[in-house]
>>> print(open('target.pdb').read())   # PDB, C-alpha atoms
ATOM      1  CA  MET A   1    -124.528 -15.147  52.614
ATOM      2  CA  PHE A   2    -127.147 -12.426  52.562
ATOM      3  CA  GLU A   3    -130.407 -12.268  54.466
ATOM      4  CA  ILE A   4    -133.123  -9.647  54.651
ATOM      5  CA  ALA A   5    -136.316 -10.201  56.606
ATOM      6  CA  HIS A   6    -138.932  -8.668  58.878
ATOM      7  CA  SER A   7    -138.031  -9.180  62.535
ATOM      8  CA  GLY A   8    -141.605  -9.314  63.774
ATOM      9  CA  ASP A   9    -141.179  -6.267  66.012
ATOM     10  CA  GLY A  10    -141.107  -3.658  63.279
ATOM     11  CA  ARG A  11    -137.448  -3.840  62.346
ATOM     12  CA  ILE A  12    -135.996  -5.065  59.091
ATOM     13  CA  LEU A  13    -133.011  -7.326  59.685
ATOM     14  CA  ILE A  14    -130.197  -7.281  57.178
ATOM     15  CA  ALA A  15    -127.292  -9.686  57.554
ATOM     16  CA  GLY A  16    -124.304 -10.923  55.597
ATOM     17  CA  ARG A  17    -122.839  -9.314  52.521
ATOM     18  CA  LEU A  18    -124.744  -6.673  50.584
ATOM     19  CA  ASP A  19    -122.762  -6.565  47.367
ATOM     20  CA  ALA A  20    -123.581  -5.909  43.722
ATOM     21  CA  ALA A  21    -124.866  -9.468  43.225
ATOM     22  CA  ARG A  22    -127.251  -9.225  46.203
ATOM     23  CA  ALA A  23    -128.365  -5.623  45.739
ATOM     24  CA  PRO A  24    -131.282  -6.410  43.358
ATOM     25  CA  ARG A  25    -132.765  -8.790  45.940
ATOM     26  CA  ALA A  26    -132.437  -6.192  48.691
ATOM     27  CA  GLN A  27    -133.971  -3.534  46.468
ATOM     28  CA  GLU A  28    -136.913  -5.770  45.631
ATOM     29  CA  PHE A  29    -137.566  -6.332  49.336
ATOM     30  CA  LEU A  30    -137.178  -2.689  50.352
ATOM     31  CA  ASP A  31    -139.381  -1.497  47.488
ATOM     32  CA  GLN A  32    -142.298  -3.113  49.337
ATOM     33  CA  LEU A  33    -141.807  -0.997  52.464
ATOM     34  CA  THR A  34    -143.962   1.972  53.357
ATOM     35  CA  GLY A  35    -143.903   4.407  56.268
ATOM     36  CA  PRO A  36    -140.946   5.013  58.572
ATOM     37  CA  CYS A  37    -138.638   1.981  58.612
ATOM     38  CA  MET A  38    -135.894   0.821  60.923
ATOM     39  CA  LEU A  39    -133.144  -1.279  59.370
ATOM     40  CA  ASP A  40    -131.175  -3.319  61.886
ATOM     41  CA  LEU A  41    -127.736  -3.752  60.345
ATOM     42  CA  GLY A  42    -126.263  -5.643  63.297
ATOM     43  CA  GLY A  43    -125.613  -8.685  61.133
ATOM     44  CA  LEU A  44    -124.358  -6.777  58.104
ATOM     45  CA  GLU A  45    -120.702  -7.657  57.572
ATOM     46  CA  TYR A  46    -120.050  -5.925  54.290
ATOM     47  CA  ILE A  47    -121.595  -3.329  52.022
ATOM     48  CA  SER A  48    -120.411  -2.011  48.675
ATOM     49  CA  SER A  49    -121.578   0.948  46.624
ATOM     50  CA  ALA A  50    -124.333  -1.203  45.125
ATOM     51  CA  GLY A  51    -125.756  -1.720  48.612
ATOM     52  CA  LEU A  52    -125.362   1.955  49.396
ATOM     53  CA  GLY A  53    -127.379   2.705  46.287
ATOM     54  CA  VAL A  54    -130.187   0.466  47.503
ATOM     55  CA  LEU A  55    -130.339   2.274  50.833
ATOM     56  CA  LEU A  56    -130.210   5.689  49.196
ATOM     57  CA  LYS A  57    -132.937   4.916  46.676
ATOM     58  CA  THR A  58    -135.219   3.527  49.386
ATOM     59  CA  HIS A  59    -134.542   6.422  51.737
ATOM     60  CA  LYS A  60    -135.342   8.987  49.052
ATOM     61  CA  ARG A  61    -138.579   7.225  48.162
ATOM     62  CA  LEU A  62    -139.702   7.066  51.790
ATOM     63  CA  MET A  63    -138.588  10.619  52.528
ATOM     64  CA  GLY A  64    -140.734  11.734  49.636
ATOM     65  CA  ALA A  65    -143.705  10.606  51.702
ATOM     66  CA  GLY A  66    -142.319  12.250  54.844
ATOM     67  CA  ASP A  67    -140.856   9.079  56.329
ATOM     68  CA  GLY A  68    -137.418   7.562  55.721
ATOM     69  CA  LEU A  69    -134.994   4.892  56.848
ATOM     70  CA  ARG A  70    -133.362   4.716  60.240
ATOM     71  CA  LEU A  71    -130.213   2.587  60.371
ATOM     72  CA  ILE A  72    -129.426   0.942  63.705
ATOM     73  CA  ASN A  73    -126.815  -1.446  65.115
ATOM     74  CA  VAL A  74    -124.250  -0.249  62.589
ATOM     75  CA  ASN A  75    -120.767  -1.699  63.152
ATOM     76  CA  SER A  76    -117.691   0.481  62.907
ATOM     77  CA  HIS A  77    -116.599  -0.756  59.488
ATOM     78  CA  ILE A  78    -120.006  -0.145  57.917
ATOM     79  CA  ASN A  79    -120.254   3.170  59.736
ATOM     80  CA  ASP A  80    -116.968   4.289  58.227
ATOM     81  CA  ILE A  81    -118.255   3.428  54.752
ATOM     82  CA  PHE A  82    -121.354   5.501  55.491
ATOM     83  CA  THR A  83    -119.190   8.408  56.606
ATOM     84  CA  TYR A  84    -116.967   8.250  53.503
ATOM     85  CA  SER A  85    -120.116   8.240  51.393
ATOM     86  CA  GLY A  86    -121.712  11.172  53.182
ATOM     87  CA  PHE A  87    -124.552   8.988  54.424
ATOM     88  CA  ASP A  88    -124.036  10.280  57.952
ATOM     89  CA  ARG A  89    -125.497  13.538  56.645
ATOM     90  CA  LEU A  90    -128.500  11.867  55.051
ATOM     91  CA  PHE A  91    -129.614   9.116  57.434
ATOM     92  CA  ASP A  92    -130.412   8.745  61.109
ATOM     93  CA  ILE A  93    -127.628   6.278  62.005
ATOM     94  CA  GLN A  94    -127.185   4.580  65.338
ATOM     95  CA  ALA A  95    -123.897   2.776  65.995
ATOM     96  CA  ALA A  96    -123.915  -0.769  67.353
ATOM     97  CA  THR A  97    -122.445   0.245  70.706
ATOM     98  CA  ALA A  98    -125.191   2.789  71.281
ATOM     99  CA  THR A  99    -128.036   0.309  70.971
ATOM    100  CA  GLU A 100    -129.369  -2.568  73.048
TER     101      GLU A 100
ATOM    102  CA  MET B   1    -101.767 -15.650  43.677
ATOM    103  CA  GLU B   2    -103.903 -15.045  40.606
ATOM    104  CA  GLN B   3    -107.168 -16.220  39.138
ATOM    105  CA  LYS B   4    -109.409 -15.349  36.202
ATOM    106  CA  PHE B   5    -113.072 -14.540  36.569
ATOM    107  CA  GLN B   6    -115.933 -14.373  34.122
ATOM    108  CA  ARG B   7    -117.592 -11.025  33.427
ATOM    109  CA  ASP B   8    -120.534 -11.763  35.672
ATOM    110  CA  LEU B   9    -121.553 -10.206  38.996
ATOM    111  CA  ASN B  10    -122.279 -13.690  40.286
ATOM    112  CA  GLU B  11    -118.516 -14.190  40.238
ATOM    113  CA  LEU B  12    -118.286 -11.939  43.304
ATOM    114  CA  SER B  13    -118.738 -14.900  45.641
ATOM    115  CA  ARG B  14    -115.814 -16.680  43.950
ATOM    116  CA  ILE B  15    -113.739 -13.517  44.227
ATOM    117  CA  VAL B  16    -114.442 -13.366  47.969
ATOM    118  CA  ALA B  17    -113.422 -17.013  48.319
ATOM    119  CA  PHE B  18    -110.243 -16.265  46.358
ATOM    120  CA  SER B  19    -109.484 -13.307  48.612
ATOM    121  CA  ASP B  20    -110.232 -15.310  51.759
ATOM    122  CA  ALA B  21    -107.829 -18.028  50.600
ATOM    123  CA  PHE B  22    -105.128 -15.422  50.052
ATOM    124  CA  PHE B  23    -105.569 -13.889  53.496
ATOM    125  CA  ALA B  24    -105.571 -17.359  55.058
ATOM    126  CA  SER B  25    -102.298 -18.307  53.384
ATOM    127  CA  GLU B  26    -100.334 -15.066  53.597
ATOM    128  CA  ALA B  27     -99.124 -12.969  56.504
ATOM    129  CA  VAL B  28    -101.017  -9.926  55.256
ATOM    130  CA  ASP B  29    -102.635  -7.720  57.890
ATOM    131  CA  PRO B  30    -106.089  -9.395  58.253
ATOM    132  CA  THR B  31    -107.794  -6.125  59.107
ATOM    133  CA  LEU B  32    -107.310  -5.089  55.475
ATOM    134  CA  ARG B  33    -109.670  -7.778  54.204
ATOM    135  CA  ASN B  34    -112.887  -5.753  54.105
ATOM    136  CA  ILE B  35    -111.180  -2.816  52.420
ATOM    137  CA  VAL B  36    -109.511  -5.029  49.845
ATOM    138  CA  GLU B  37    -112.737  -6.880  49.078
ATOM    139  CA  LEU B  38    -114.589  -3.595  48.679
ATOM    140  CA  CYS B  39    -111.975  -2.129  46.337
ATOM    141  CA  VAL B  40    -111.801  -5.326  44.269
ATOM    142  CA  GLU B  41    -115.591  -5.492  43.970
ATOM    143  CA  GLU B  42    -115.906  -1.856  42.926
ATOM    144  CA  LEU B  43    -113.195  -2.162  40.282
ATOM    145  CA  PHE B  44    -114.463  -5.531  39.024
ATOM    146  CA  VAL B  45    -118.058  -4.294  38.771
ATOM    147  CA  ASN B  46    -116.857  -1.199  36.930
ATOM    148  CA  LEU B  47    -114.989  -3.323  34.376
ATOM    149  CA  VAL B  48    -117.920  -5.700  33.889
ATOM    150  CA  THR B  49    -120.402  -2.846  33.584
ATOM    151  CA  TYR B  50    -118.527  -0.577  31.211
ATOM    152  CA  ASN B  51    -116.162  -2.792  29.200
ATOM    153  CA  ARG B  52    -118.873  -4.559  27.267
ATOM    154  CA  GLU B  53    -116.915  -4.892  24.024
ATOM    155  CA  THR B  54    -115.007  -7.925  25.268
ATOM    156  CA  SER B  55    -115.968 -11.316  26.632
ATOM    157  CA  GLU B  56    -112.518 -12.176  27.956
ATOM    158  CA  GLU B  57    -112.122 -13.085  31.596
ATOM    159  CA  ILE B  58    -110.694 -10.605  34.081
ATOM    160  CA  LEU B  59    -107.449 -11.542  35.814
ATOM    161  CA  ILE B  60    -107.145 -10.672  39.504
ATOM    162  CA  THR B  61    -103.742 -10.842  41.154
ATOM    163  CA  LEU B  62    -103.114 -10.586  44.899
ATOM    164  CA  GLU B  63     -99.609 -10.164  46.294
ATOM    165  CA  SER B  64     -98.066  -9.308  49.623
ATOM    166  CA  ASN B  65     -96.548  -5.867  49.469
ATOM    167  CA  GLY B  66     -93.887  -5.970  52.136
ATOM    168  CA  LYS B  67     -93.849  -3.709  55.135
ATOM    169  CA  ASP B  68     -91.889  -1.118  56.976
ATOM    170  CA  GLU B  69     -90.766  -1.705  60.526
ATOM    171  CA  GLY B  70     -93.717  -1.633  62.901
ATOM    172  CA  GLU B  71     -96.285  -2.121  60.164
ATOM    173  CA  GLY B  72     -98.346  -5.145  59.239
ATOM    174  CA  GLU B  73     -97.874  -6.745  55.840
ATOM    175  CA  GLY B  74     -99.623  -4.812  53.089
ATOM    176  CA  ILE B  75    -101.205  -6.018  49.860
ATOM    177  CA  ARG B  76    -100.927  -5.184  46.172
ATOM    178  CA  VAL B  77    -103.925  -6.012  43.998
ATOM    179  CA  SER B  78    -104.203  -5.883  40.207
ATOM    180  CA  LEU B  79    -107.171  -6.317  37.899
ATOM    181  CA  THR B  80    -106.244  -6.905  34.266
ATOM    182  CA  ASP B  81    -108.824  -6.588  31.513
ATOM    183  CA  TYR B  82    -108.087  -7.674  27.933
ATOM    184  CA  ASN B  83    -109.154  -6.267  24.592
ATOM    185  CA  VAL B  84    -110.756  -3.129  26.022
ATOM    186  CA  ASP B  85    -110.611   0.629  25.526
ATOM    187  CA  ARG B  86    -108.548   2.792  27.816
ATOM    188  CA  PHE B  87    -110.230   3.947  31.013
ATOM    189  CA  ASP B  88    -108.207   5.296  33.888
ATOM    190  CA  PRO B  89    -110.413   5.031  37.001
ATOM    191  CA  ARG B  90    -108.462   7.853  38.588
ATOM    192  CA  SER B  91    -110.047  10.197  36.056
ATOM    193  CA  ALA B  92    -113.615   9.356  37.086
ATOM    194  CA  PRO B  93    -115.513  12.352  38.482
ATOM    195  CA  SER B  94    -116.076  12.338  42.224
ATOM    196  CA  PRO B  95    -119.623  12.498  43.545
ATOM    197  CA  ASN B  96    -120.520  15.339  45.872
ATOM    198  CA  VAL B  97    -120.878  13.431  49.140
ATOM    199  CA  GLU B  98    -121.831  16.645  50.926
ATOM    200  CA  ALA B  99    -124.875  17.233  48.734
ATOM    201  CA  PRO B 100    -128.326  17.170  50.361
ATOM    202  CA  LEU B 101    -130.535  14.124  49.912
ATOM    203  CA  GLU B 102    -132.593  15.604  47.083
ATOM    204  CA  GLU B 103    -129.440  16.033  45.011
ATOM    205  CA  ARG B 104    -127.990  12.588  45.713
ATOM    206  CA  THR B 105    -128.548   9.779  43.232
ATOM    207  CA  PRO B 106    -127.516   6.133  43.447
ATOM    208  CA  GLY B 107    -124.280   5.413  41.597
ATOM    209  CA  GLY B 108    -120.889   7.026  41.296
ATOM    210  CA  LEU B 109    -119.674   6.025  44.741
ATOM    211  CA  GLY B 110    -117.781   2.875  43.785
ATOM    212  CA  LEU B 111    -114.600   4.296  42.278
ATOM    213  CA  TYR B 112    -114.755   7.182  44.731
ATOM    214  CA  LEU B 113    -114.552   4.724  47.636
ATOM    215  CA  VAL B 114    -111.596   2.969  45.997
ATOM    216  CA  MET B 115    -109.769   6.284  45.622
ATOM    217  CA  LYS B 116    -110.459   7.120  49.267
ATOM    218  CA  MET B 117    -109.437   3.772  50.716
ATOM    219  CA  ALA B 118    -106.459   2.641  48.663
ATOM    220  CA  ASP B 119    -103.051   3.998  49.637
ATOM    221  CA  ALA B 120    -101.850   4.078  46.033
ATOM    222  CA  ILE B 121    -103.427   3.427  42.638
ATOM    223  CA  GLN B 122    -101.643   2.828  39.373
ATOM    224  CA  TYR B 123    -103.045   2.468  35.869
ATOM    225  CA  GLU B 124    -101.346   0.924  32.829
ATOM    226  CA  TYR B 125    -102.718   0.548  29.312
ATOM    227  CA  LEU B 126    -100.877  -1.233  26.533
ATOM    228  CA  ASP B 127    -102.045  -3.153  23.456
ATOM    229  CA  ARG B 128    -105.689  -2.873  24.504
ATOM    230  CA  THR B 129    -104.881  -4.404  27.876
ATOM    231  CA  SER B 130    -105.958  -2.381  30.875
ATOM    232  CA  LYS B 131    -104.351  -2.984  34.258
ATOM    233  CA  ILE B 132    -105.418  -1.312  37.472
ATOM    234  CA  THR B 133    -103.248  -1.829  40.536
ATOM    235  CA  PHE B 134    -103.914  -0.631  44.042
ATOM    236  CA  VAL B 135    -101.905  -0.919  47.227
ATOM    237  CA  LYS B 136    -103.176  -1.044  50.758
ATOM    238  CA  ASN B 137    -100.531  -0.729  53.420
ATOM    239  CA  GLY B 138    -100.671  -2.781  56.574
ATOM    240  CA  ASN B 139    -101.485  -1.128  59.864
ATOM    241  CA  SER B 140    -102.568   2.099  58.226
ATOM    242  CA  GLN B 141    -105.878   3.718  59.096
ATOM    243  CA  HIS B 142    -108.523   1.093  58.538
ATOM    244  CA  VAL B 143    -112.182   1.407  57.683
TER     245      VAL B 143
END
>>> encode(input="target.pdb", output="structure tokens")
Amino acid sequence: MFEIAHSGDGRILIAGRLDAARAPRAQEFLDQLTGPCMLDLGGLEYISSAGLGVLLKTHKRLMGAGDGLRLINVNSHINDIFTYSGFDRLFDIQAATATE
Amino acid sequence: MEQKFQRDLNELSRIVAFSDAFFASEAVDPTLRNIVELCVEELFVNLVTYNRETSEEILITLESNGKDEGEGEGIRVSLTDYNVDRFDPRSAPSPNVEAPLEERTPGGLGLYLVMKMADAIQYEYLDRTSKITFVKNGNSQHV
């Protein structure tokens, strides 16, 4: 299962498994975004390097215009993947326990 | 427990189902599941992406790996690819994960994550058959 959608309150909701098979769909969705964006990853159970690549590509594109991605509601497993990948240095990341 | 998979990224959902069935039937530490699925995906995608000279299916084998006292049951995972050139994933260059955003590019993280997360990785190559095996111990530091 993988879902990506606008929440209606400005967030982008991503849920399920963002793997190599789903990454093209996520990239297609995120390529439409402009301005500063908040990705709510509260429902994201799994991410692989293909998903990391989608986030990185989108973040770089938005940062080029002075904006960028903010990642919120990040669970501990996903957060550890971000840390291993050095994404904690690149993104504004908010852990799940620090939100709501 | 073993199963063959076609060289297609859409097989990832079947691989997850295969892994889930293994974890449901074996006494392996369940907290290893995400790590194992990540490592299997990264290795599988690497084989599918770069070993384009063959159309043979990829064999994935999952086995319990025993445990020491006080530890959960670990897992040993092998991916066997047939009729391919030699490529030892341990020799892949590591990305600079400390580089600033402008120097980062998508790609290169997959095998790096496997090397970081697996407790041991072995590579065998014989008669154009490539076999990558990784071990994840139970109750070790999880991500």
>>> interface_residues(input="target.pdb", of="chain B", to="chain A", cutoff="8 Å", atoms="only C-alpha atoms", output="list in words")
Leu9, Asn10, Leu12, Asn34, Leu38, Glu41, Glu42, Val45, Val97, Glu98, Pro100, Leu101, Glu102, Thr105, Pro106, Gly107, Leu109, Gly110, Leu113, Lys116 and Val143 of chain B
>>> write_last_selection(input="target.pdb", atoms="C-alpha atoms", output="PDB file, in the frame of the given file")
ATOM      1  CA  LEU B   9    -121.553 -10.206  38.996  1.00  0.00           C
ATOM      2  CA  ASN B  10    -122.279 -13.690  40.286  1.00  0.00           C
ATOM      3  CA  LEU B  12    -118.286 -11.939  43.304  1.00  0.00           C
ATOM      4  CA  ASN B  34    -112.887  -5.753  54.105  1.00  0.00           C
ATOM      5  CA  LEU B  38    -114.589  -3.595  48.679  1.00  0.00           C
ATOM      6  CA  GLU B  41    -115.591  -5.492  43.970  1.00  0.00           C
ATOM      7  CA  GLU B  42    -115.906  -1.856  42.926  1.00  0.00           C
ATOM      8  CA  VAL B  45    -118.058  -4.294  38.771  1.00  0.00           C
ATOM      9  CA  VAL B  97    -120.878  13.431  49.140  1.00  0.00           C
ATOM     10  CA  GLU B  98    -121.831  16.645  50.926  1.00  0.00           C
ATOM     11  CA  PRO B 100    -128.326  17.170  50.361  1.00  0.00           C
ATOM     12  CA  LEU B 101    -130.535  14.124  49.912  1.00  0.00           C
ATOM     13  CA  GLU B 102    -132.593  15.604  47.083  1.00  0.00           C
ATOM     14  CA  THR B 105    -128.548   9.779  43.232  1.00  0.00           C
ATOM     15  CA  PRO B 106    -127.516   6.133  43.447  1.00  0.00           C
ATOM     16  CA  GLY B 107    -124.280   5.413  41.597  1.00  0.00           C
ATOM     17  CA  LEU B 109    -119.674   6.025  44.741  1.00  0.00           C
ATOM     18  CA  GLY B 110    -117.781   2.875  43.785  1.00  0.00           C
ATOM     19  CA  LEU B 113    -114.552   4.724  47.636  1.00  0.00           C
ATOM     20  CA  LYS B 116    -110.459   7.120  49.267  1.00  0.00           C
ATOM     21  CA  VAL B 143    -112.182   1.407  57.683  1.00  0.00           C
TER      22      VAL B 143
END
>>> atom_distance(input="target.pdb", atom1="CA of Glu73 (chain B)", atom2="CA of Met1 (chain B)")
15.6 Å
>>> axis_aligned_box(input="target.pdb", around="region 20-39 of chain A", padding_each_side="8 Å", output="AutoDock Vina command-line options")
--center_x -133.8 --center_y -2.2 --center_z 52.1 --size_x 36.4 --size_y 30.5 --size_z 33.7
>>> residues_around(input="target.pdb", residues="Gly68 (chain A)", least_positions_apart="2", cutoff="8 Å", atoms="all atoms listed in the file", output="VMD selection string")
chain A and resid 35 to 37 58 to 63 66 70
>>> closest_residue(input="target.pdb", among="B:Val84, B:Val36, B:Leu126, B:Ala120", to="Arg52 (chain B)", atoms="only C-alpha atoms")
B:Val84
>>> resolve_selection(input="target.pdb", expression="the PyMOL selection byres ((chain B and resi 55) around 9)", output="short mmCIF file (atom, residue, chain, number, x, y, z; two decimals) with C-alpha atoms, keeping the file's coordinate frame")
data_model
loop_
_atom_site.label_atom_id
_atom_site.label_comp_id
_atom_site.auth_asym_id
_atom_site.auth_seq_id
_atom_site.Cartn_x
_atom_site.Cartn_y
_atom_site.Cartn_z
CA GLN B 6 -115.93 -14.37 34.12
CA ARG B 7 -117.59 -11.02 33.43
CA ASN B 51 -116.16 -2.79 29.20
CA ARG B 52 -118.87 -4.56 27.27
CA GLU B 53 -116.92 -4.89 24.02
CA THR B 54 -115.01 -7.92 25.27
CA GLU B 56 -112.52 -12.18 27.96
CA GLU B 57 -112.12 -13.08 31.60
CA TYR B 82 -108.09 -7.67 27.93
CA ASN B 83 -109.15 -6.27 24.59
#
>>> closest_residue(input="target.pdb", among="B:Leu47, B:Val77, B:Ile15, B:Ala21", to="Ser64 (chain B)", atoms="all atoms listed in the file")
B:Val77
>>> resolve_selection(input="target.pdb", expression="the PyMOL selection byres ((chain A and resi 42) around 8)", output="VMD selection string")
chain A and resid 13 to 15 40 to 41 43 to 44 72 to 75 96
>>> resolve_selection(input="target.pdb", expression="the PyMOL selection byres ((chain B and resi 93) around 9)", output="PyMOL selection string")
chain B and resi 90-92+94-95+108+111-112
>>> atom_distance(input="target.pdb", atom1="CA of Phe22 (chain B)", atom2="CA of Pro24 (chain A)")
28.5 Å
>>> closest_residue(input="target.pdb", among="A:Ala5, A:Leu39, A:Ala23, A:Ala65", to="Gln94 (chain A)", atoms="all atoms listed in the file")
A:Leu39
>>> atom_distance(input="target.pdb", atom1="CA of Gln122 (chain B)", atom2="CA of Ile58 (chain B)")
17.0 Å
